[in-house]
file input15.txt (compact mmCIF, C-alpha atoms)
# COMPACT_ATOMS: atom_id res chain seq x y z
CA MET A 175 5.50 24.57 29.62
CA HIS A 176 2.12 22.88 30.07
CA TYR A 177 0.45 20.16 28.00
CA GLY A 178 -2.71 19.57 30.03
CA THR A 179 -3.77 16.20 31.45
CA ARG A 180 -1.14 13.48 31.29
CA SER A 181 0.01 10.26 32.90
CA PRO A 182 2.15 10.77 36.03
CA ALA A 183 4.91 9.03 34.06
CA MET A 184 5.18 11.96 31.63
CA ARG A 185 7.55 14.89 31.96
CA ASP A 186 8.28 17.75 29.58
CA ILE A 187 11.43 17.77 27.47
CA PRO A 188 12.51 20.66 25.25
CA ASP A 189 11.50 19.33 21.80
CA GLY A 190 7.82 18.90 22.71
CA ASN A 191 7.93 15.13 23.12
CA LEU A 192 6.79 13.83 26.47
CA THR A 193 9.21 11.45 28.13
CA MET A 194 7.36 8.36 29.31
CA ARG A 195 7.94 4.89 30.68
CA VAL A 196 8.70 2.50 27.84
CA ASP A 197 6.44 -0.15 29.35
CA GLU A 198 3.43 2.09 28.65
CA PHE A 199 3.81 0.97 25.02
CA ASP A 200 3.69 -2.74 25.82
CA PHE A 201 0.96 -5.16 24.79
CA GLU A 202 0.43 -8.92 24.62
CA LEU A 203 0.75 -10.52 21.18
CA PRO A 204 0.16 -14.23 20.55
CA GLU A 205 2.96 -15.85 18.55
CA ASP A 206 0.56 -17.02 15.86
CA ARG A 207 -0.25 -13.40 14.96
CA ILE A 208 3.26 -12.85 13.51
CA ALA A 209 3.07 -13.17 9.72
CA LEU A 210 5.84 -15.23 8.11
CA ARG A 211 4.67 -14.64 4.52
CA PRO A 212 2.65 -11.87 2.86
CA VAL A 213 -0.84 -12.46 1.53
CA GLU A 214 -1.41 -12.71 -2.22
CA PRO A 215 -2.22 -10.46 -3.93
CA ARG A 216 -0.48 -7.84 -1.83
CA ASP A 217 -3.44 -5.45 -1.68
CA ALA A 218 -5.69 -8.19 -0.25
CA ALA A 219 -4.20 -7.56 3.19
CA ARG A 220 -6.56 -6.32 5.88
CA MET A 221 -6.36 -2.69 7.00
CA LEU A 222 -7.57 -1.24 10.27
CA VAL A 223 -8.76 2.36 9.84
CA VAL A 224 -8.27 4.54 12.92
CA ARG A 225 -10.02 7.92 13.12
CA PRO A 226 -9.47 9.42 16.60
CA GLY A 227 -12.41 11.30 18.04
CA THR A 228 -14.99 9.93 15.57
CA THR A 229 -17.73 7.33 15.82
CA PRO A 230 -16.82 4.66 15.03
CA GLU A 231 -13.20 5.22 15.95
CA LEU A 232 -12.09 1.90 14.44
CA SER A 233 -13.26 0.20 11.26
CA ASP A 234 -12.09 -2.87 9.36
CA ALA A 235 -11.18 -2.65 5.69
CA GLN A 236 -8.68 -3.98 3.16
CA VAL A 237 -5.69 -2.26 1.58
CA ARG A 238 -7.49 -2.37 -1.79
CA ASP A 239 -10.13 -0.05 -0.23
CA LEU A 240 -7.58 2.76 0.08
CA PRO A 241 -8.95 4.84 -2.85
CA ASP A 242 -12.33 4.97 -1.10
CA LEU A 243 -10.80 5.96 2.23
CA LEU A 244 -8.96 8.99 0.84
CA ALA A 245 -10.17 11.99 -1.16
CA PRO A 246 -9.20 13.58 -4.49
CA GLY A 247 -6.29 15.92 -3.86
CA ASP A 248 -4.77 13.78 -1.11
CA VAL A 249 -1.16 12.75 -1.70
CA LEU A 250 0.61 9.52 -0.82
CA VAL A 251 4.31 9.81 0.03
CA LEU A 252 6.24 6.56 -0.46
CA ASN A 253 9.82 5.56 0.36
CA ASP A 254 11.56 4.20 -2.76
CA THR A 255 14.61 2.76 -0.98
CA ARG A 256 15.69 -0.73 -2.06
CA VAL A 257 16.88 -3.45 0.32
CA ILE A 258 20.39 -4.78 -0.23
CA PRO A 259 21.69 -8.21 0.91
CA ALA A 260 23.22 -6.68 4.01
CA ARG A 261 23.94 -9.77 6.15
CA LEU A 262 27.52 -10.94 5.58
CA TYR A 263 29.62 -13.68 7.13
CA ALA A 264 33.36 -13.24 7.54
CA LYS A 265 36.51 -14.63 9.11
CA ARG A 266 38.22 -12.24 11.51
CA VAL A 267 41.97 -12.43 11.09
CA ARG A 268 44.46 -11.08 13.65
CA GLY A 269 47.88 -12.60 13.22
CA GLU A 270 47.45 -16.36 13.59
CA ILE A 271 44.02 -16.02 15.24
CA VAL A 272 41.01 -16.67 13.00
CA ALA A 273 37.36 -16.57 14.16
CA GLY A 274 33.96 -16.33 12.56
CA VAL A 275 31.87 -13.15 12.72
CA GLU A 276 28.48 -12.07 11.39
CA ILE A 277 28.20 -8.55 9.98
CA MET A 278 24.95 -6.63 9.47
CA LEU A 279 25.53 -3.48 7.43
CA HIS A 280 23.34 -0.60 8.56
CA LYS A 281 24.66 2.75 7.27
CA ARG A 282 26.95 3.69 4.41
CA GLU A 283 29.44 6.42 5.27
CA GLY A 284 31.51 6.55 2.10
CA ALA A 285 32.41 4.81 -1.13
CA ALA A 286 34.30 2.10 0.79
CA ARG A 287 33.05 2.53 4.39
CA TRP A 288 30.00 1.05 6.07
CA ARG A 289 28.87 1.05 9.66
CA ALA A 290 27.67 -2.35 10.77
CA PHE A 291 26.56 -4.39 13.75
CA ALA A 292 28.97 -7.25 14.39
CA ARG A 293 28.27 -10.48 16.26
CA PRO A 294 30.18 -11.43 18.29
CA ALA A 295 31.73 -7.99 18.64
CA LYS A 296 33.45 -8.20 22.01
CA LYS A 297 36.82 -9.35 20.66
CA LEU A 298 36.83 -7.22 17.52
CA GLN A 299 39.46 -4.49 17.54
CA PRO A 300 40.42 -1.67 15.12
CA GLY A 301 42.93 -3.02 12.64
CA ASP A 302 41.44 -6.53 12.51
CA ARG A 303 41.07 -7.87 8.98
CA LEU A 304 37.82 -9.40 7.73
CA VAL A 305 37.69 -11.93 4.92
CA PHE A 306 34.28 -12.46 3.29
CA GLY A 307 33.23 -15.12 0.81
CA SER A 308 35.36 -17.97 -0.50
CA GLU A 309 36.94 -19.33 -3.63
CA SER A 310 33.50 -20.70 -4.57
CA ALA A 311 31.71 -17.41 -4.04
CA GLY A 312 32.17 -16.29 -7.64
CA PRO A 313 33.96 -13.25 -9.05
CA VAL A 314 33.84 -11.10 -5.94
CA CYS A 315 37.35 -9.94 -6.70
CA GLU A 316 40.43 -11.43 -8.31
CA ALA A 317 41.06 -13.72 -5.37
CA GLY A 318 37.41 -14.81 -5.20
CA ARG A 319 36.77 -13.02 -1.91
CA LEU A 320 36.17 -9.59 -0.39
CA GLU A 321 38.37 -8.18 2.36
CA ALA A 322 38.04 -5.29 4.79
CA THR A 323 39.50 -3.70 7.90
CA ILE A 324 37.82 -2.77 11.17
CA ALA A 325 38.31 1.00 11.27
CA GLY A 326 36.58 1.77 14.55
CA LYS A 327 34.35 0.38 17.28
CA ALA A 328 31.46 1.91 19.20
CA GLU A 329 28.95 0.62 21.73
CA GLY A 330 26.41 -2.12 21.15
CA GLY A 331 28.46 -4.04 18.60
CA ASP A 332 28.56 -1.08 16.20
CA VAL A 333 31.73 -1.05 14.08
CA ALA A 334 33.10 0.97 11.16
CA ILE A 335 34.38 -1.17 8.29
CA ASP A 336 36.69 -0.02 5.49
CA PHE A 337 36.36 -2.38 2.52
CA ASP A 338 39.16 -2.96 0.04
CA LEU A 339 36.70 -2.30 -2.80
CA ALA A 340 34.70 0.90 -3.26
CA GLY A 341 31.68 2.26 -5.12
CA PRO A 342 29.95 0.03 -7.69
CA ALA A 343 32.61 -2.68 -7.32
CA LEU A 344 31.82 -2.96 -3.61
CA ASP A 345 28.07 -2.97 -4.32
CA GLU A 346 28.54 -5.85 -6.76
CA ALA A 347 30.60 -7.80 -4.25
CA ILE A 348 28.00 -7.35 -1.50
CA ALA A 349 25.27 -8.48 -3.91
CA VAL A 350 27.22 -11.70 -4.55
CA ILE A 351 28.16 -12.69 -1.00
CA GLY A 352 25.43 -11.04 1.07
CA GLU A 353 22.13 -12.46 2.32
CA LEU A 354 18.76 -10.72 2.55
CA PRO A 355 18.38 -9.55 6.16
CA LEU A 356 14.90 -10.72 7.14
CA PRO A 357 13.68 -9.23 10.44
CA PRO A 358 14.67 -11.32 13.48
CA TYR A 359 11.07 -12.25 14.30
CA ILE A 360 10.87 -13.95 10.87
CA ALA A 361 14.47 -15.16 10.55
CA GLY A 362 14.14 -16.87 13.93
CA LYS A 363 11.31 -19.02 12.57
CA ARG A 364 12.46 -19.81 9.03
CA ALA A 365 15.37 -19.28 6.66
CA ALA A 366 15.34 -16.67 3.90
CA ASP A 367 14.66 -18.08 0.46
CA ALA A 368 14.39 -17.00 -3.18
CA ARG A 369 10.77 -15.90 -2.73
CA ASP A 370 11.82 -13.34 -0.13
CA ARG A 371 13.93 -11.46 -2.65
CA ALA A 372 10.67 -10.35 -4.31
CA ASP A 373 8.37 -10.39 -1.28
CA TYR A 374 10.65 -8.16 0.79
CA GLN A 375 10.86 -5.36 -1.81
CA THR A 376 8.20 -2.81 -2.72
CA ILE A 377 7.21 -2.80 -6.39
CA TYR A 378 8.64 0.74 -6.66
CA ALA A 379 11.99 0.13 -4.89
CA ARG A 380 14.80 1.75 -6.88
CA GLU A 381 17.38 3.50 -4.67
CA GLU A 382 19.69 0.83 -3.19
CA GLY A 383 20.85 1.29 0.36
CA ALA A 384 18.33 -0.06 2.88
CA VAL A 385 18.96 -3.06 5.09
CA ALA A 386 15.27 -3.36 6.00
CA ALA A 387 12.20 -2.84 3.84
CA PRO A 388 9.78 0.07 4.31
CA THR A 389 7.13 -2.56 4.91
CA ALA A 390 4.00 -0.41 4.68
CA GLY A 391 4.73 -0.16 0.96
CA LEU A 392 4.80 -3.93 0.46
CA HIS A 393 1.00 -3.88 0.09
CA PHE A 394 0.89 -1.86 -3.13
CA THR A 395 0.20 -3.34 -6.55
CA ASP A 396 0.08 -1.89 -10.04
CA ASP A 397 -3.70 -2.29 -10.00
CA LEU A 398 -4.01 -0.34 -6.75
CA PHE A 399 -1.82 2.43 -8.15
CA ALA A 400 -4.06 2.63 -11.24
CA ARG A 401 -7.20 2.92 -9.10
CA LEU A 402 -5.60 5.63 -6.94
CA ASN A 403 -4.71 7.54 -10.11
CA ALA A 404 -8.30 7.29 -11.31
CA CYS A 405 -9.51 8.75 -8.02
CA GLY A 406 -7.23 11.79 -8.22
CA ILE A 407 -4.92 10.65 -5.42
CA ALA A 408 -1.35 11.51 -6.36
CA ARG A 409 1.86 9.90 -5.13
CA HIS A 410 5.36 11.20 -4.67
CA PHE A 411 8.56 9.49 -3.63
CA VAL A 412 11.19 10.21 -1.02
CA THR A 413 14.19 8.08 -0.02
CA LEU A 414 15.13 7.01 3.49
CA HIS A 415 17.64 4.17 3.68
CA VAL A 416 16.29 2.09 6.54
CA GLY A 417 19.01 0.89 8.92
CA ALA A 418 19.29 -2.22 11.06
CA GLY A 419 18.69 0.01 14.08
CA THR A 420 14.99 -0.33 13.27
CA PHE A 421 15.19 -3.88 14.70
CA LEU A 422 17.02 -2.96 17.89
CA PRO A 423 14.97 -3.24 21.09
CA VAL A 424 14.50 -0.26 23.37
CA LYS A 425 16.55 -1.26 26.41
CA VAL A 426 15.94 1.79 28.61
CA GLU A 427 13.03 2.31 30.99
CA ASP A 428 12.42 5.96 30.09
CA THR A 429 11.94 7.24 26.53
CA ARG A 430 14.17 10.22 27.34
CA ASP A 431 17.16 7.89 27.60
CA HIS A 432 16.77 6.20 24.19
CA ARG A 433 18.96 7.25 21.27
CA MET A 434 17.93 6.61 17.68
CA HIS A 435 20.42 5.44 15.05
CA ALA A 436 20.78 7.97 12.24
CA GLU A 437 19.50 7.09 8.77
CA THR A 438 20.20 8.86 5.49
CA GLY A 439 17.31 10.47 3.63
CA PHE A 440 16.50 12.61 0.61
CA VAL A 441 13.55 14.85 -0.33
CA SER A 442 13.94 16.52 -3.72
CA ARG A 443 12.98 20.13 -4.47
CA GLU A 444 10.39 18.85 -6.95
CA THR A 445 8.76 16.60 -4.36
CA ALA A 446 8.80 19.27 -1.66
CA ASP A 447 7.15 21.80 -3.99
CA ALA A 448 4.47 19.28 -5.05
CA LEU A 449 3.61 18.39 -1.45
CA ASN A 450 3.42 22.03 -0.38
CA ALA A 451 1.14 22.80 -3.35
CA ALA A 452 -1.12 19.86 -2.50
CA ARG A 453 -1.45 20.99 1.09
CA ALA A 454 -2.15 24.60 0.00
CA ALA A 455 -4.96 23.27 -2.20
CA GLY A 456 -6.56 21.45 0.76
CA GLY A 457 -5.10 18.00 0.20
CA ARG A 458 -3.83 15.79 2.98
CA ILE A 459 -0.30 14.40 3.17
CA VAL A 460 -0.50 10.64 3.78
CA ALA A 461 2.84 9.04 4.64
CA VAL A 462 3.20 5.42 3.55
CA GLY A 463 5.29 4.00 6.36
CA THR A 464 6.97 5.42 9.43
CA THR A 465 10.15 5.96 7.39
CA SER A 466 8.37 8.39 5.06
CA LEU A 467 6.75 10.11 8.02
CA ARG A 468 10.03 10.54 9.91
CA LEU A 469 11.72 11.95 6.84
CA LEU A 470 8.92 14.41 6.08
CA GLU A 471 8.85 15.62 9.67
CA SER A 472 12.64 16.03 9.54
CA ALA A 473 12.31 18.12 6.37
CA ALA A 474 9.43 20.30 7.61
CA THR A 475 9.99 23.81 8.89
CA GLU A 476 8.26 25.24 11.95
CA ASP A 477 5.27 26.45 9.92
CA GLY A 478 4.79 23.05 8.23
CA THR A 479 6.45 23.88 4.91
CA ILE A 480 8.33 20.88 3.53
CA ALA A 481 11.84 21.83 2.42
CA PRO A 482 14.30 19.85 0.29
CA PHE A 483 16.36 17.52 2.48
CA ALA A 484 19.58 15.58 2.04
CA GLY A 485 21.36 14.14 5.04
CA ASP A 486 20.93 12.14 8.21
CA THR A 487 17.96 12.10 10.55
CA ASP A 488 17.66 10.56 13.99
CA ILE A 489 14.29 12.10 14.80
CA PHE A 490 12.55 10.31 17.68
CA ILE A 491 8.79 10.87 17.88
CA THR A 492 6.85 10.10 21.05
CA PRO A 493 3.52 11.38 22.44
CA GLY A 494 3.62 15.14 22.83
CA TYR A 495 5.26 15.71 19.46
CA ARG A 496 3.49 18.34 17.32
CA PHE A 497 3.30 17.08 13.75
CA ARG A 498 4.13 19.64 11.08
CA ALA A 499 3.92 17.82 7.74
CA VAL A 500 1.84 14.65 7.95
CA ASP A 501 -1.93 14.27 8.26
CA ALA A 502 -2.24 10.48 8.11
CA LEU A 503 -0.08 7.38 8.10
CA MET A 504 -0.40 3.99 6.45
CA THR A 505 1.66 1.52 8.45
CA ASN A 506 1.87 -2.11 9.55
CA PHE A 507 1.44 -3.24 13.16
CA HIS A 508 4.56 -2.76 15.27
CA LEU A 509 6.43 -4.51 18.06
CA PRO A 510 5.56 -3.90 21.73
CA LYS A 511 7.66 -1.20 23.41
CA SER A 512 9.23 -0.20 20.07
CA THR A 513 10.02 3.31 18.88
CA LEU A 514 7.46 2.78 16.10
CA MET A 515 4.73 1.98 18.63
CA MET A 516 5.65 5.28 20.28
CA LEU A 517 5.41 7.09 16.94
CA VAL A 518 1.92 5.84 16.07
CA SER A 519 0.79 6.69 19.60
CA ALA A 520 2.06 10.24 19.08
CA LEU A 521 0.07 10.53 15.86
CA SER A 522 -3.29 9.06 16.88
CA GLY A 523 -3.10 9.12 20.68
CA LEU A 524 -1.82 6.49 23.11
CA ASP A 525 -5.25 5.47 24.40
CA THR A 526 -6.60 5.22 20.86
CA MET A 527 -3.70 3.02 19.77
CA ARG A 528 -4.13 0.78 22.80
CA ARG A 529 -7.73 0.21 21.73
CA ALA A 530 -6.69 -0.26 18.11
CA TYR A 531 -4.06 -2.88 18.91
CA HIS A 532 -6.40 -4.70 21.28
CA HIS A 533 -8.98 -4.83 18.48
CA ALA A 534 -6.36 -6.00 15.99
CA VAL A 535 -5.24 -8.86 18.23
CA GLU A 536 -8.80 -9.93 19.01
CA ALA A 537 -9.86 -9.71 15.34
CA GLY A 538 -6.94 -11.82 14.13
CA TYR A 539 -4.95 -9.20 12.24
CA ARG A 540 -1.49 -10.35 11.11
CA PHE A 541 1.44 -8.40 12.61
CA TYR A 542 4.83 -7.01 11.59
CA SER A 543 6.66 -6.84 8.27
CA PHE A 544 4.60 -9.33 6.23
CA GLY A 545 1.42 -8.62 8.17
CA ASP A 546 -1.67 -6.48 7.69
CA SER A 547 -1.87 -2.70 7.52
CA SER A 548 -3.49 0.21 9.29
CA LEU A 549 -4.51 3.69 8.16
CA LEU A 550 -4.05 6.13 11.03
CA PHE A 551 -5.42 9.64 10.97
CA ARG A 552 -3.88 12.34 13.11
CA ASP A 553 -5.53 13.15 16.41
CA ALA A 554 -6.29 16.73 15.38
CA ALA A 555 -8.01 17.63 18.65
CA GLY A 556 -5.05 16.42 20.69
CA GLN A 557 -2.56 18.19 18.43
CA ASP A 558 -4.50 21.46 18.44
CA GLY A 559 -4.93 21.35 22.20
CA MET A 560 -1.25 20.70 22.63
CA LYS A 561 -0.36 23.65 20.40
CA ASP A 562 -2.73 25.94 22.33
CA ASP A 563 -1.15 24.91 25.62
CA VAL A 564 2.36 25.51 24.29
CA ASP A 565 1.51 28.87 22.75
CA GLY A 566 -0.64 30.05 25.57

call {"tool": "encode", "arguments": {"input": "input15.txt", "output": "structure tokens"}}
result
Amino acid sequence: MHYGTRSPAMRDIPDGNLTMRVDEFDFELPEDRIALRPVEPRDAARMLVVRPGTTPELSDAQVRDLPDLLAPGDVLVLNDTRVIPARLYAKRVRGEIVAGVEIMLHKREGAARWRAFARPAKKLQPGDRLVFGSESAGPVCEAGRLEATIAGKAEGGDVAIDFDLAGPALDEAIAVIGELPLPPYIAGKRAADARDRADYQTIYAREEGAVAAPTAGLHFTDDLFARLNACGIARHFVTLHVGAGTFLPVKVEDTRDHRMHAETGFVSRETADALNAARAAGGRIVAVGTTSLRLLESAATEDGTIAPFAGDTDIFITPGYRFRAVDALMTNFHLPKSTLMMLVSALSGLDTMRRAYHHAVEAGYRFYSFGDSSLLFRDAAGQDGMKDDVDG
């Protein structure tokens, strides 16, 4: 299999991705570029427009310019997941031994079971009891607290937890005792507060289950939606419950050795049909956020048809991936050496994204969850060339 010119660090792997050194996705970011609060109004954020292979390749805009940057018939695909207060504090009880532990829920596996990252996790064992909350925590349950059992333990502090409550009763308990899980690069600089409960949700969030926000969508306002409607730019919703794995650093040196945490997603038949019809009519599919993009690519068949989807995805997209469903991506600026930096480099080209991020740093763009946005168009020439090499 041949993909043409490439870095000596690249090697072919069966799914079309090119395995590369993780440090090829590194860049220098001054600390003062990390946004700790969003701008107001939300659509006043800056947006870097990236059009690979055109002149100019990079242009500066604002999120509120989005209707002018797209065309009638284009379709936005947004992730309507809602962030839950997924950070919990508990006492671990084993006989007479009691110790504190922090729990970060990341994936629901049943009415009463969650997978979570525990800290510290080294001494946790299956069968240990966890006691959350206190007598002052409110009506969590009859005893004023929530209890659970460690059901299993995996690598990296990942544990399975069976709660004593299930379904809506468990959801209510978590809402009472849990804390909003701000990303570590924000939580390390300030505490979460009441304002974050609104700031860290999209205005269209409705399906509870995420432990991190699909942050590209934080920029939308009712006014921007109205202007998009007036321009003939439709929007449809999918659901991908973002897990805490999105914050985990890539600890390997080679992309081939990294394993993504699975996340649960849903694409309805109605949405799939609408997107396929829009594409057949010449419209472009514009994913709002890497979560929407990953879900659409997971749902797409080999010929690019988007099928209904319900289940887990651990799709890992790096340069060399041939996109099937998505033509453009609206997304915030990502961490160095992250899987999301790899994804945007796959879409628009690694060299292009290096130039884009250099421009963003020099021009004072704000980075990460509460930061500014970018609108990335697919590197069609690179994708077509890649397909020709694979087929030929």

call {"tool": "closest_atom_pairs", "arguments": {"input": "input15.txt", "of": "stretch 286-377 of chain A", "to": "stretch 384-397 of chain A", "cutoff": "7 Å", "atoms": "all atoms listed in the file", "output": "Markdown table"}}
result
| residue | atom | partner | partner_atom | distance |
| --- | --- | --- | --- | --- |
| A:Pro355 | CA | A:Val385 | CA | 6.6 |
| A:Tyr374 | CA | A:Ala387 | CA | 6.3 |
| A:Gln375 | CA | A:Ala387 | CA | 6.3 |
| A:Thr376 | CA | A:Leu392 | CA | 4.8 |

call {"tool": "closest_residue", "arguments": {"input": "input15.txt", "among": "A:Val535, A:Leu244, A:Ala446, A:Gly523", "to": "A:Ala499", "atoms": "all atoms listed in the file"}}
result
A:Ala446

call {"tool": "closest_residue", "arguments": {"input": "input15.txt", "among": "A:Asn403, A:Thr475, A:Ser522, A:Ser547", "to": "A:Leu250", "atoms": "all atoms listed in the file"}}
result
A:Asn403

call {"tool": "residues_around", "arguments": {"input": "input15.txt", "residues": "A:Ile360", "least_positions_apart": "4", "cutoff": "7 Å", "atoms": "all atoms listed in the file", "output": "list in words"}}
result
Leu210, Leu356 and Arg364 of chain A

call {"tool": "closest_residue", "arguments": {"input": "input15.txt", "among": "A:Ala461, A:Ala292, A:Ile258, A:Leu517", "to": "A:Met504", "atoms": "all atoms listed in the file"}}
result
A:Ala461
